[in-house]
file entry-v5.txt (compact mmCIF, C-alpha atoms)
# COMPACT_ATOMS: atom_id res chain seq x y z
CA MET A 1 36.15 -10.86 -14.63
CA ALA A 2 34.28 -12.82 -11.99
CA SER A 3 32.21 -9.81 -10.98
CA ALA A 4 31.12 -9.16 -14.57
CA GLU A 5 29.88 -12.72 -14.92
CA TYR A 6 28.03 -12.36 -11.67
CA LEU A 7 26.19 -9.32 -12.97
CA ASP A 8 25.22 -11.10 -16.15
CA GLU A 9 23.62 -13.99 -14.37
CA SER A 10 19.89 -14.04 -14.12
CA PRO A 11 18.73 -13.76 -10.52
CA ILE A 12 16.79 -16.93 -10.87
CA GLU A 13 20.00 -18.85 -11.30
CA PHE A 14 22.52 -16.89 -9.34
CA GLY A 15 23.61 -17.44 -5.80
CA GLN A 16 23.60 -21.20 -5.68
CA ILE A 17 26.79 -22.67 -4.36
CA ARG A 18 28.20 -24.63 -7.25
CA VAL A 19 29.82 -27.67 -5.75
CA VAL A 20 31.78 -29.71 -8.27
CA GLN A 21 30.45 -33.23 -8.11
CA SER A 22 32.70 -36.07 -9.15
CA SER A 23 29.90 -38.63 -9.15
CA SER A 24 27.07 -38.66 -11.62
CA ALA A 25 24.99 -35.56 -12.06
CA MET A 26 21.24 -35.48 -12.58
CA PRO A 27 20.18 -36.91 -15.93
CA SER A 28 19.15 -34.22 -18.34
CA GLN A 29 15.45 -33.57 -18.42
CA ASP A 30 13.31 -34.17 -21.48
CA SER A 31 12.04 -31.39 -23.69
CA MET A 32 9.44 -30.17 -21.23
CA GLU A 33 11.77 -28.46 -18.83
CA PRO A 34 11.11 -25.68 -16.40
CA THR A 35 12.24 -22.33 -17.73
CA PHE A 36 14.88 -22.04 -15.02
CA SER A 37 17.08 -25.08 -14.65
CA LEU A 38 18.62 -25.91 -11.33
CA PRO A 39 22.39 -26.11 -11.53
CA ILE A 40 23.91 -29.48 -10.95
CA GLY A 41 25.32 -29.95 -7.51
CA LEU A 42 22.85 -27.68 -5.77
CA PRO A 43 23.21 -28.48 -2.09
CA LEU A 44 19.60 -28.40 -1.05
CA SER A 45 19.37 -31.56 0.97
CA SER A 46 20.47 -31.52 4.56
CA SER A 47 23.42 -33.78 3.95
CA HIS A 48 25.08 -31.15 1.76
CA SER A 49 24.01 -27.87 3.35
CA VAL A 50 26.57 -25.25 4.25
CA PRO A 51 26.79 -25.06 8.05
CA LEU A 52 25.65 -21.78 9.54
CA PRO A 53 28.25 -19.78 11.46
CA PHE A 54 25.80 -19.21 14.33
CA PRO A 55 22.16 -20.05 14.95
CA MET A 56 19.78 -17.64 13.28
CA SER A 57 16.83 -16.35 15.20
CA HIS A 58 14.14 -13.94 14.18
CA GLY A 59 11.27 -12.16 15.79
CA THR A 60 9.21 -9.28 14.66
CA THR A 61 5.72 -7.94 14.19
CA THR A 62 4.74 -6.67 10.79
CA LEU A 63 1.30 -6.21 9.41
CA ALA A 64 -0.49 -4.78 6.43
CA PHE A 65 -4.07 -4.44 5.35
CA ILE A 66 -6.13 -2.94 2.56
CA PHE A 67 -8.93 -0.51 3.17
CA GLN A 68 -10.78 2.12 1.22
CA GLY A 69 -7.97 4.62 1.62
CA GLY A 70 -5.25 2.39 0.18
CA VAL A 71 -2.88 0.06 1.98
CA LEU A 72 -1.47 0.52 5.43
CA ALA A 73 1.68 -1.21 6.59
CA ALA A 74 3.08 -1.18 10.09
CA ALA A 75 6.02 -2.84 11.78
CA ASP A 76 7.96 -2.66 14.99
CA THR A 77 11.61 -1.66 14.99
CA ARG A 78 13.30 -4.14 17.24
CA SER A 79 16.00 -6.23 15.68
CA SER A 80 16.76 -9.14 17.96
CA CYS A 81 19.51 -11.71 17.90
CA SER A 82 19.33 -14.70 20.24
CA GLY A 83 17.76 -12.85 23.13
CA LEU A 84 19.71 -9.66 22.67
CA VAL A 85 18.25 -6.53 21.16
CA ALA A 86 20.72 -5.99 18.39
CA CYS A 87 19.16 -2.76 17.21
CA PRO A 88 16.18 -0.90 18.67
CA ALA A 89 15.78 1.28 15.61
CA ALA A 90 15.76 -1.11 12.70
CA GLN A 91 13.74 -0.47 9.60
CA LYS A 92 11.51 -3.35 8.71
CA ILE A 93 9.47 -1.73 5.99
CA LEU A 94 11.57 -1.13 2.93
CA PRO A 95 10.23 0.79 -0.02
CA ILE A 96 10.95 -0.88 -3.33
CA HIS A 97 9.68 1.85 -5.58
CA SER A 98 7.31 4.76 -5.28
CA HIS A 99 4.23 2.54 -5.20
CA LEU A 100 5.56 -0.68 -3.78
CA VAL A 101 6.63 -1.33 -0.25
CA GLY A 102 7.77 -4.55 1.33
CA THR A 103 7.83 -5.54 4.96
CA THR A 104 10.50 -7.86 6.20
CA SER A 105 10.54 -10.61 8.73
CA GLY A 106 13.08 -13.29 9.37
CA THR A 107 16.78 -12.83 8.91
CA SER A 108 17.37 -9.12 8.41
CA ALA A 109 20.34 -9.61 6.13
CA ASP A 110 18.48 -11.98 3.86
CA CYS A 111 15.48 -9.72 3.72
CA ALA A 112 17.50 -6.62 2.96
CA LEU A 113 19.42 -8.42 0.23
CA TRP A 114 16.37 -9.86 -1.45
CA LYS A 115 14.54 -6.58 -1.29
CA ARG A 116 17.41 -4.93 -3.15
CA ILE A 117 17.47 -7.71 -5.70
CA LEU A 118 13.75 -7.38 -6.19
CA ALA A 119 14.06 -3.62 -6.58
CA ARG A 120 16.78 -4.11 -9.17
CA GLU A 121 14.78 -6.66 -11.13
CA LEU A 122 11.66 -4.53 -11.08
CA ARG A 123 13.60 -1.56 -12.37
CA LEU A 124 15.12 -3.68 -15.12
CA TYR A 125 11.69 -4.93 -16.04
CA GLN A 126 10.42 -1.40 -16.20
CA LEU A 127 13.26 -0.32 -18.44
CA ARG A 128 12.91 -3.30 -20.73
CA HIS A 129 9.15 -3.34 -21.07
CA GLY A 130 8.20 0.24 -20.51
CA ARG A 131 5.72 -0.48 -17.77
CA ARG A 132 5.84 -1.40 -14.14
CA LEU A 133 5.41 -4.96 -13.06
CA SER A 134 2.22 -5.48 -11.09
CA THR A 135 2.33 -6.35 -7.41
CA GLY A 136 1.28 -9.91 -8.18
CA GLY A 137 4.04 -10.13 -10.73
CA ALA A 138 6.59 -8.73 -8.31
CA ALA A 139 5.46 -11.22 -5.68
CA LYS A 140 5.69 -14.04 -8.21
CA LEU A 141 9.15 -12.91 -9.27
CA LEU A 142 10.34 -12.86 -5.68
CA SER A 143 8.77 -16.23 -5.04
CA HIS A 144 10.49 -17.73 -8.07
CA MET A 145 13.84 -16.20 -7.13
CA LEU A 146 13.58 -17.71 -3.67
CA GLN A 147 12.51 -21.12 -4.87
CA PRO A 148 16.00 -22.54 -5.55
CA PHE A 149 16.92 -21.77 -1.97
CA LYS A 150 14.10 -23.78 -0.52
CA GLY A 151 15.43 -26.23 2.00
CA THR A 152 18.44 -24.11 2.84
CA GLU A 153 18.42 -22.05 5.98
CA LEU A 154 17.43 -18.96 4.07
CA SER A 155 14.77 -17.17 6.01
CA VAL A 156 13.19 -14.41 4.05
CA GLY A 157 10.32 -15.37 6.25
CA GLY A 158 7.09 -13.64 5.51
CA GLN A 159 7.55 -10.61 3.38
CA GLN A 160 4.70 -8.63 2.03
CA CYS A 161 4.65 -6.74 -1.20
CA PHE A 162 1.90 -4.33 -1.82
CA GLY A 163 1.18 -1.32 -3.90
CA ARG A 164 -1.55 0.50 -5.64
CA GLU A 165 -2.10 0.30 -9.33
CA ARG A 166 -4.83 0.63 -11.92
CA SER A 167 -6.67 -2.30 -10.50
CA GLY A 168 -6.57 -0.88 -7.01
CA PRO A 169 -4.49 -1.72 -3.97
CA SER A 170 -3.15 -5.21 -3.59
CA LEU A 171 -1.34 -7.12 -0.92
CA TYR A 172 0.67 -10.29 -1.24
CA TYR A 173 2.39 -12.46 1.31
CA VAL A 174 5.59 -14.07 0.10
CA CYS A 175 7.69 -16.42 2.16
CA SER A 176 10.97 -18.19 1.61
CA ASP A 177 9.25 -21.55 1.97
CA GLY A 178 7.51 -20.78 -1.29
CA THR A 179 4.16 -19.51 -0.11
CA ARG A 180 2.62 -16.72 -2.11
CA LEU A 181 -0.83 -15.58 -1.12
CA LYS A 182 -2.99 -12.69 -2.22
CA GLY A 183 -5.12 -11.21 0.50
CA THR A 184 -6.46 -8.16 2.27
CA LEU A 185 -4.93 -8.57 5.70
CA PHE A 186 -1.67 -10.19 6.72
CA SER A 187 0.54 -10.13 9.75
CA VAL A 188 3.89 -11.83 9.93
CA GLY A 189 6.36 -12.56 12.67
CA SER A 190 6.52 -13.82 16.21
CA GLY A 191 4.15 -11.07 17.34
CA SER A 192 1.64 -11.78 14.60
CA PRO A 193 -0.87 -13.77 16.70
CA TYR A 194 -1.25 -10.79 19.00
CA ALA A 195 -1.52 -8.39 16.12
CA TYR A 196 -4.06 -10.60 14.37
CA SER A 197 -6.33 -10.49 17.39
CA VAL A 198 -6.54 -6.71 17.21
CA LEU A 199 -6.75 -6.58 13.43
CA ASP A 200 -9.40 -9.25 13.04
CA GLN A 201 -11.56 -7.28 15.40
CA GLY A 202 -11.26 -3.85 13.88
CA VAL A 203 -10.24 -3.90 10.23
CA GLN A 204 -12.96 -3.34 7.67
CA TRP A 205 -13.03 -1.84 4.24
CA GLY A 206 -14.72 1.41 5.29
CA LEU A 207 -12.15 2.68 7.78
CA THR A 208 -10.95 6.24 7.54
CA VAL A 209 -7.22 6.80 7.32
CA GLN A 210 -7.16 7.99 10.92
CA GLU A 211 -8.97 4.90 12.18
CA ALA A 212 -6.80 2.59 10.13
CA VAL A 213 -3.63 4.19 11.47
CA SER A 214 -4.82 3.87 15.04
CA ILE A 215 -5.78 0.23 14.58
CA ALA A 216 -2.41 -0.58 13.04
CA ARG A 217 -0.59 1.20 15.85
CA GLU A 218 -2.68 -0.57 18.45
CA ALA A 219 -2.03 -3.94 16.84
CA VAL A 220 1.73 -3.41 16.82
CA PHE A 221 1.60 -2.08 20.35
CA ARG A 222 -0.33 -5.09 21.63
CA ALA A 223 2.16 -7.39 19.95
CA THR A 224 5.15 -5.57 21.38
CA TYR A 225 3.52 -5.60 24.81
CA ARG A 226 3.51 -9.37 24.97
CA ASP A 227 6.07 -10.57 22.49
CA ALA A 228 9.61 -10.31 23.76
CA TYR A 229 11.07 -10.11 20.28
CA SER A 230 9.03 -7.12 19.18
CA GLY A 231 9.26 -3.68 20.62
CA ASN A 232 10.70 -0.22 20.66
CA CYS A 233 9.01 1.89 18.00
CA VAL A 234 6.41 1.50 15.30
CA ASP A 235 6.81 2.43 11.65
CA LEU A 236 3.75 3.20 9.60
CA TYR A 237 3.55 3.47 5.84
CA HIS A 238 0.45 4.47 3.98
CA ILE A 239 0.28 3.67 0.27
CA THR A 240 -2.22 5.29 -2.04
CA SER A 241 -2.43 5.75 -5.76
CA LYS A 242 -0.06 8.69 -5.37
CA GLY A 243 2.65 6.62 -3.73
CA TRP A 244 3.75 5.81 -0.23
CA THR A 245 3.98 8.19 2.68
CA ARG A 246 5.69 7.48 5.92
CA ARG A 247 4.46 8.61 9.25
CA ASN A 248 6.95 9.64 11.85
CA ARG A 249 8.36 6.79 13.81
CA GLU A 250 6.58 6.63 17.15
CA ASP A 251 8.05 5.37 20.32
CA LEU A 252 5.77 2.95 22.07
CA LYS A 253 7.35 3.53 25.43
CA GLU A 254 5.03 6.39 26.39
CA GLU A 255 2.02 4.23 25.65
CA GLY A 256 3.77 1.25 27.09
CA VAL A 257 2.65 1.70 30.65
CA HIS A 258 -0.76 0.23 31.27
CA PRO A 259 -2.99 2.90 32.89
CA GLN A 260 -3.66 0.70 35.94
CA TRP A 261 0.00 0.33 36.71
CA ARG A 262 0.43 4.05 36.46
CA VAL A 263 -2.11 4.60 39.20
CA SER A 264 -0.68 2.03 41.59
CA PHE A 265 2.84 3.29 41.04
CA SER A 266 1.88 6.80 42.06
CA THR A 267 0.11 5.46 45.15
CA LEU A 268 3.25 3.64 46.10
CA THR A 269 5.38 6.74 45.94
CA VAL A 270 2.97 8.61 48.14
CA GLU A 271 3.16 5.92 50.79
CA THR A 272 6.91 5.72 50.81
CA ALA A 273 7.11 9.48 51.06
CA ARG A 274 4.99 9.41 54.22
CA GLU A 275 7.28 6.96 55.82
CA MET B 1 -4.54 -30.25 7.49
CA GLU B 2 -5.70 -29.93 3.93
CA TYR B 3 -8.42 -31.98 2.32
CA LEU B 4 -9.17 -33.05 -1.21
CA ILE B 5 -12.15 -35.17 -2.19
CA GLY B 6 -13.09 -36.56 -5.57
CA ILE B 7 -16.06 -38.68 -6.63
CA GLN B 8 -16.62 -40.04 -10.10
CA GLY B 9 -20.19 -40.44 -11.28
CA PRO B 10 -21.64 -42.00 -14.44
CA ASP B 11 -21.01 -38.91 -16.56
CA PHE B 12 -19.35 -36.41 -14.23
CA VAL B 13 -16.60 -36.00 -11.67
CA LEU B 14 -17.23 -34.06 -8.51
CA VAL B 15 -14.28 -32.56 -6.66
CA ALA B 16 -13.99 -30.57 -3.48
CA ALA B 17 -11.05 -28.90 -1.75
CA ASP B 18 -10.85 -26.96 1.47
CA ASN B 19 -10.21 -23.25 1.51
CA VAL B 20 -7.62 -22.73 4.18
CA ALA B 21 -4.07 -21.60 3.58
CA ALA B 22 -2.22 -21.99 6.84
CA SER B 23 1.27 -21.24 8.00
CA SER B 24 2.04 -23.29 11.11
CA ILE B 25 -0.57 -22.18 13.63
CA ILE B 26 -1.95 -19.18 11.77
CA GLN B 27 -4.66 -19.45 9.13
CA MET B 28 -3.47 -16.85 6.68
CA LYS B 29 -6.30 -17.14 4.20
CA HIS B 30 -9.82 -18.52 4.37
CA ASP B 31 -10.72 -18.40 0.69
CA TYR B 32 -7.75 -20.05 -0.95
CA ASP B 33 -8.47 -22.05 -4.10
CA LYS B 34 -6.52 -25.29 -4.40
CA MET B 35 -7.82 -26.28 -7.80
CA PHE B 36 -5.81 -25.57 -10.92
CA LYS B 37 -7.50 -25.60 -14.28
CA LEU B 38 -5.35 -27.55 -16.71
CA SER B 39 -7.76 -27.32 -19.59
CA GLU B 40 -11.44 -26.86 -20.25
CA LYS B 41 -12.25 -30.24 -18.78
CA ILE B 42 -9.37 -31.10 -16.50
CA LEU B 43 -8.83 -29.92 -12.94
CA LEU B 44 -5.76 -30.55 -10.82
CA LEU B 45 -6.20 -30.41 -7.06
CA CYS B 46 -3.00 -30.00 -5.17
CA VAL B 47 -2.06 -30.04 -1.48
CA GLY B 48 1.21 -30.54 0.32
CA GLU B 49 4.25 -28.54 1.24
CA ALA B 50 3.92 -24.78 1.11
CA GLY B 51 5.77 -23.64 -1.98
CA ASP B 52 5.88 -26.97 -3.76
CA THR B 53 2.15 -27.12 -4.39
CA VAL B 54 1.85 -23.95 -6.41
CA GLN B 55 5.20 -24.40 -8.16
CA PHE B 56 4.45 -27.93 -9.27
CA ALA B 57 0.81 -27.38 -10.14
CA GLU B 58 1.55 -24.29 -12.19
CA TYR B 59 4.39 -26.08 -13.94
CA ILE B 60 2.02 -28.87 -14.96
CA GLN B 61 -0.65 -26.37 -15.87
CA LYS B 62 1.61 -24.37 -18.16
CA ASN B 63 3.01 -27.45 -19.82
CA VAL B 64 -0.44 -28.85 -20.54
CA GLN B 65 -1.36 -25.52 -22.10
CA LEU B 66 1.88 -25.52 -24.06
CA TYR B 67 1.05 -28.93 -25.45
CA LYS B 68 -2.22 -27.58 -26.76
CA MET B 69 -0.49 -24.62 -28.37
CA ARG B 70 2.13 -26.77 -30.04
CA ASN B 71 -0.10 -29.58 -31.24
CA GLY B 72 -3.48 -28.00 -31.70
CA TYR B 73 -5.34 -30.44 -29.49
CA GLU B 74 -5.51 -30.99 -25.76
CA LEU B 75 -4.07 -33.69 -23.60
CA SER B 76 -6.61 -36.20 -22.39
CA PRO B 77 -7.06 -36.56 -18.62
CA ALA B 78 -5.25 -39.91 -18.67
CA ALA B 79 -2.33 -38.42 -20.57
CA ALA B 80 -2.20 -35.41 -18.26
CA ALA B 81 -2.26 -37.66 -15.21
CA ASN B 82 0.56 -39.77 -16.53
CA PHE B 83 2.57 -36.71 -17.47
CA THR B 84 2.12 -35.37 -13.94
CA ARG B 85 3.14 -38.68 -12.44
CA LYS B 86 6.23 -38.85 -14.64
CA ASN B 87 7.33 -35.42 -13.44
CA LEU B 88 6.77 -36.37 -9.82
CA ALA B 89 8.77 -39.54 -10.33
CA ASP B 90 11.61 -37.74 -12.09
CA TYR B 91 11.98 -35.25 -9.26
CA LEU B 92 11.46 -37.85 -6.55
CA ARG B 93 15.05 -39.04 -6.50
CA SER B 94 16.57 -35.68 -7.21
CA ARG B 95 17.70 -33.17 -4.65
CA THR B 96 14.45 -31.28 -4.96
CA PRO B 97 11.54 -33.67 -4.70
CA TYR B 98 8.10 -32.14 -4.71
CA HIS B 99 6.11 -33.05 -1.63
CA VAL B 100 2.62 -32.75 -3.11
CA ASN B 101 -0.51 -34.88 -3.07
CA LEU B 102 -2.78 -34.56 -6.06
CA LEU B 103 -6.12 -35.43 -7.48
CA LEU B 104 -6.64 -35.01 -11.19
CA ALA B 105 -10.21 -34.98 -12.43
CA GLY B 106 -11.26 -34.74 -16.04
CA TYR B 107 -13.79 -35.61 -18.67
CA ASP B 108 -12.67 -37.24 -21.87
CA GLU B 109 -14.92 -37.38 -24.94
CA ALA B 110 -13.95 -40.96 -25.62
CA ASP B 111 -13.39 -42.41 -22.16
CA GLY B 112 -15.86 -40.41 -20.11
CA PRO B 113 -15.17 -39.09 -16.64
CA GLY B 114 -11.95 -39.99 -14.89
CA LEU B 115 -10.49 -39.38 -11.43
CA TYR B 116 -6.81 -40.00 -10.79
CA TYR B 117 -5.18 -40.19 -7.39
CA MET B 118 -1.49 -39.27 -7.10
CA ASP B 119 0.68 -38.90 -4.08
CA TYR B 120 4.09 -37.50 -3.33
CA LEU B 121 5.80 -40.83 -3.99
CA SER B 122 4.43 -40.60 -7.53
CA ALA B 123 1.88 -43.33 -7.17
CA LEU B 124 -0.92 -43.11 -9.72
CA ALA B 125 -4.28 -44.84 -9.49
CA LYS B 126 -7.48 -44.31 -11.40
CA ALA B 127 -10.22 -44.58 -8.82
CA PRO B 128 -13.98 -44.10 -8.60
CA PHE B 129 -13.53 -42.02 -5.49
CA ALA B 130 -10.46 -40.70 -3.72
CA ALA B 131 -9.41 -38.33 -0.99
CA HIS B 132 -6.35 -36.77 0.61
CA GLY B 133 -6.33 -35.78 4.24
CA TYR B 134 -6.54 -37.28 7.69
CA GLY B 135 -8.39 -40.54 8.06
CA LEU B 136 -8.42 -43.74 10.00
CA ASN B 137 -9.63 -47.16 8.96
CA ARG B 138 -13.10 -46.29 7.89
CA ARG B 139 -13.58 -42.62 8.51
CA PHE B 140 -12.29 -39.52 6.83
CA ILE B 141 -11.98 -36.65 9.26
CA LEU B 142 -13.08 -33.22 8.12
CA ASN B 143 -12.52 -30.32 10.41
CA LEU B 144 -12.33 -27.27 8.19
CA PRO B 145 -15.21 -24.90 7.72
CA SER B 146 -15.50 -24.40 4.01
CA PHE B 147 -14.90 -26.24 0.77
CA ASN B 148 -14.83 -25.26 -2.86
CA VAL B 149 -16.89 -27.72 -4.89
CA ARG B 150 -16.68 -28.14 -8.66
CA LEU B 151 -18.22 -30.50 -11.15
CA ILE B 152 -16.72 -31.60 -14.46
CA ASP B 153 -18.94 -33.09 -17.12
CA ARG B 154 -19.31 -33.03 -20.89
CA GLU B 155 -19.91 -29.30 -20.88
CA GLY B 156 -16.86 -28.44 -18.87
CA ILE B 157 -16.11 -27.27 -15.36
CA HIS B 158 -18.95 -25.92 -13.23
CA ASP B 159 -18.63 -24.17 -9.91
CA LEU B 160 -21.07 -25.47 -7.36
CA GLU B 161 -22.11 -23.75 -4.20
CA LYS B 162 -19.38 -23.46 -1.65
CA LEU B 163 -19.89 -25.82 1.26
CA THR B 164 -19.73 -24.14 4.62
CA LEU B 165 -20.18 -26.27 7.68
CA GLY B 166 -21.59 -24.54 10.72
CA ALA B 167 -21.85 -20.80 11.20
CA LYS B 168 -20.12 -18.50 8.73
call {"tool": "encode", "arguments": {"input": "entry-v5.txt", "output": "structure tokens"}}
result
Amino acid sequence: MASAEYLDESPIEFGQIRVVQSSSAMPSQDSMEPTFSLPIGLPLSSSHSVPLPFPMSHGTTTLAFIFQGGVLAAADTRSSCSGLVACPAAQKILPIHSHLVGTTSGTSADCALWKRILARELRLYQLRHGRRLSTGGAAKLLSHMLQPFKGTELSVGGQQCFGRERSGPSLYYVCSDGTRLKGTLFSVGSGSPYAYSVLDQGVQWGLTVQEAVSIAREAVFRATYRDAYSGNCVDLYHITSKGWTRRNREDLKEEGVHPQWRVSFSTLTVETARE
Amino acid sequence: MEYLIGIQGPDFVLVAADNVAASSIIQMKHDYDKMFKLSEKILLLCVGEAGDTVQFAEYIQKNVQLYKMRNGYELSPAAAANFTRKNLADYLRSRTPYHVNLLLAGYDEADGPGLYYMDYLSALAKAPFAAHGYGLNRRFILNLPSFNVRLIDREGIHDLEKLTLGAK
């Protein structure tokens, strides 16, 4: 029975830990109420928060930008946990439907969960209303669903939803702290400053697909070069009006060696061989 | 830091807000609009904590529009300001207070132009000029490159030229 109730709950209200309060609850609001009401006893302040089992840490490099050929999204594949590489082949770009892709940053579990919830809600919307929700609408929906968890340790830090619809490609940045921004270029994660430096230099509207792909790869590579929490491979997704396509995952290790180091390394081996 | 400036004139209110949306050290957006249109002659300028600003401002915006739909006439700027303040005050001692600083600027047919200053502790003051941002005793520090500027008068809300300080 409990699971059936769970499925019936609207996502905007579900998930909050309902603590039974013996003392007085919040006074009921007047007639002008928000459409979603916060359940009484919501433990959002620090004095009531559920303690975390272990400290959460997150580091990643994800980026996305719009250009004449659609939207390009790129991300590294390193999943780190307190200084340990938990998984070198994680997937940080999760498709939500054929024309909408989201990148993830922050706690992987939270991101994966909320992506699935978003995908479910978008599908329900499509079935109920007969049309797809726009990217802005999807971003707003996600932002509203995350809003009750503000102040908790939830870290769906910096996700990006983007797609291509009648009005053209669009890109939104959504974060668990409530930020929702529409833009043409975003990068999220611990490696984002490094990625921004490459992207701000090279991204313009008129790029060809080839140029855009190489800039995105270079940006992720530069970030992984310097940021300890980003690395391993790069995932690239290209979204056009026909849907998303995924390039093969590319290992950055072959590019990883700076050309100068390569030269000096080979000189070193020659010298040791002589000795 | 985010800046809001409002100046009331004899028959107009001039408001300006900066254009930066930042997330810790990264400026994510350089053309972000912090003004919310509550009605044809009322603007709400909102800065503060990341998600709270948009949530709260849109909540007020939709409720002001709802009032017009239900009653057939619009809320005056004074009424809108007091409604906003009441909501801030109600949430202040709840578990989810909104950390937002606001300026509400409007033109009323009967009362003329009005500028209302509100802060996150739900203070409300009608003032001839007001600002939110960093400032010391006598100076208000501006360090952001561009500002949206709008004017409200009898005819409604007008967009003025965007102020950009220094090179673009």
call {"tool": "closest_atom_pairs", "arguments": {"input": "entry-v5.txt", "of": "chain B", "to": "chain A", "cutoff": "9 Å", "atoms": "all atoms listed in the file", "output": "CSV"}}
result
residue,atom,partner,partner_atom,distance
B:Ala21,CA,A:Leu181,CA,8.3
B:Ser23,CA,A:Thr179,CA,8.8
B:Ile25,CA,A:Pro193,CA,9.0
B:Ile26,CA,A:Pro193,CA,7.4
B:Met28,CA,A:Phe186,CA,6.9
B:Lys29,CA,A:Gly183,CA,7.1
B:Tyr32,CA,A:Leu181,CA,8.2
B:Glu49,CA,A:Asp177,CA,8.6
B:Ala50,CA,A:Thr179,CA,5.4
B:Gly51,CA,A:Gly178,CA,3.4
B:Asp52,CA,A:Gly178,CA,6.9
B:Thr53,CA,A:Gly178,CA,8.9
B:Val54,CA,A:Thr179,CA,8.0
B:Gln55,CA,A:Gly178,CA,8.1
B:Tyr59,CA,A:Pro34,CA,7.2
B:Asn63,CA,A:Met32,CA,7.1
B:Asp90,CA,A:Gln29,CA,8.5
B:Ser94,CA,A:Met26,CA,7.1
B:Arg95,CA,A:Ser45,CA,6.1
B:Thr96,CA,A:Leu44,CA,7.1
call {"tool": "atom_distance", "arguments": {"input": "entry-v5.txt", "atom1": "atom CA of A:Gly189", "atom2": "atom CA of A:Ala109"}}
result
15.7 Å
call {"tool": "closest_residue", "arguments": {"input": "entry-v5.txt", "among": "A:Met145, A:Ile96, A:Val101, A:Ala73", "to": "A:Arg123", "atoms": "all atoms listed in the file"}}
result
A:Ile96
call {"tool": "residues_around", "arguments": {"input": "entry-v5.txt", "residues": "stretch 1-18 of chain B", "least_positions_apart": "6", "cutoff": "8 Å", "atoms": "all atoms listed in the file", "output": "PyMOL selection string"}}
result
chain B and resi 32-35+45-48+103+105-107+112-115+127-134+142+144-154
call {"tool": "atom_distance", "arguments": {"input": "entry-v5.txt", "atom1": "atom CA of A:Arg246", "atom2": "atom CA of A:Leu72"}}
result
10.0 Å
call {"tool": "closest_residue", "arguments": {"input": "entry-v5.txt", "among": "A:Leu122, A:Leu141, A:Ala212, A:Val234", "to": "A:Phe65", "atoms": "all atoms listed in the file"}}
result
A:Ala212
call {"tool": "atom_distance", "arguments": {"input": "entry-v5.txt", "atom1": "atom CA of B:Leu88", "atom2": "atom CA of B:Tyr120"}}
result
7.1 Å
call {"tool": "residues_near_point", "arguments": {"input": "entry-v5.txt", "point": "(12.2, -6.1, 15.1)", "cutoff": "9 Å", "atoms": "only C-alpha atoms", "output": "list in words"}}
result
His58, Gly59, Thr60, Thr61, Thr62, Ala75, Asp76, Thr77, Arg78, Ser79, Ser80, Val85, Cys87, Pro88, Ala89, Ala90, Gln91, Lys92, Ser105, Ser108, Tyr229, Ser230, Gly231 and Asn232 of chain A
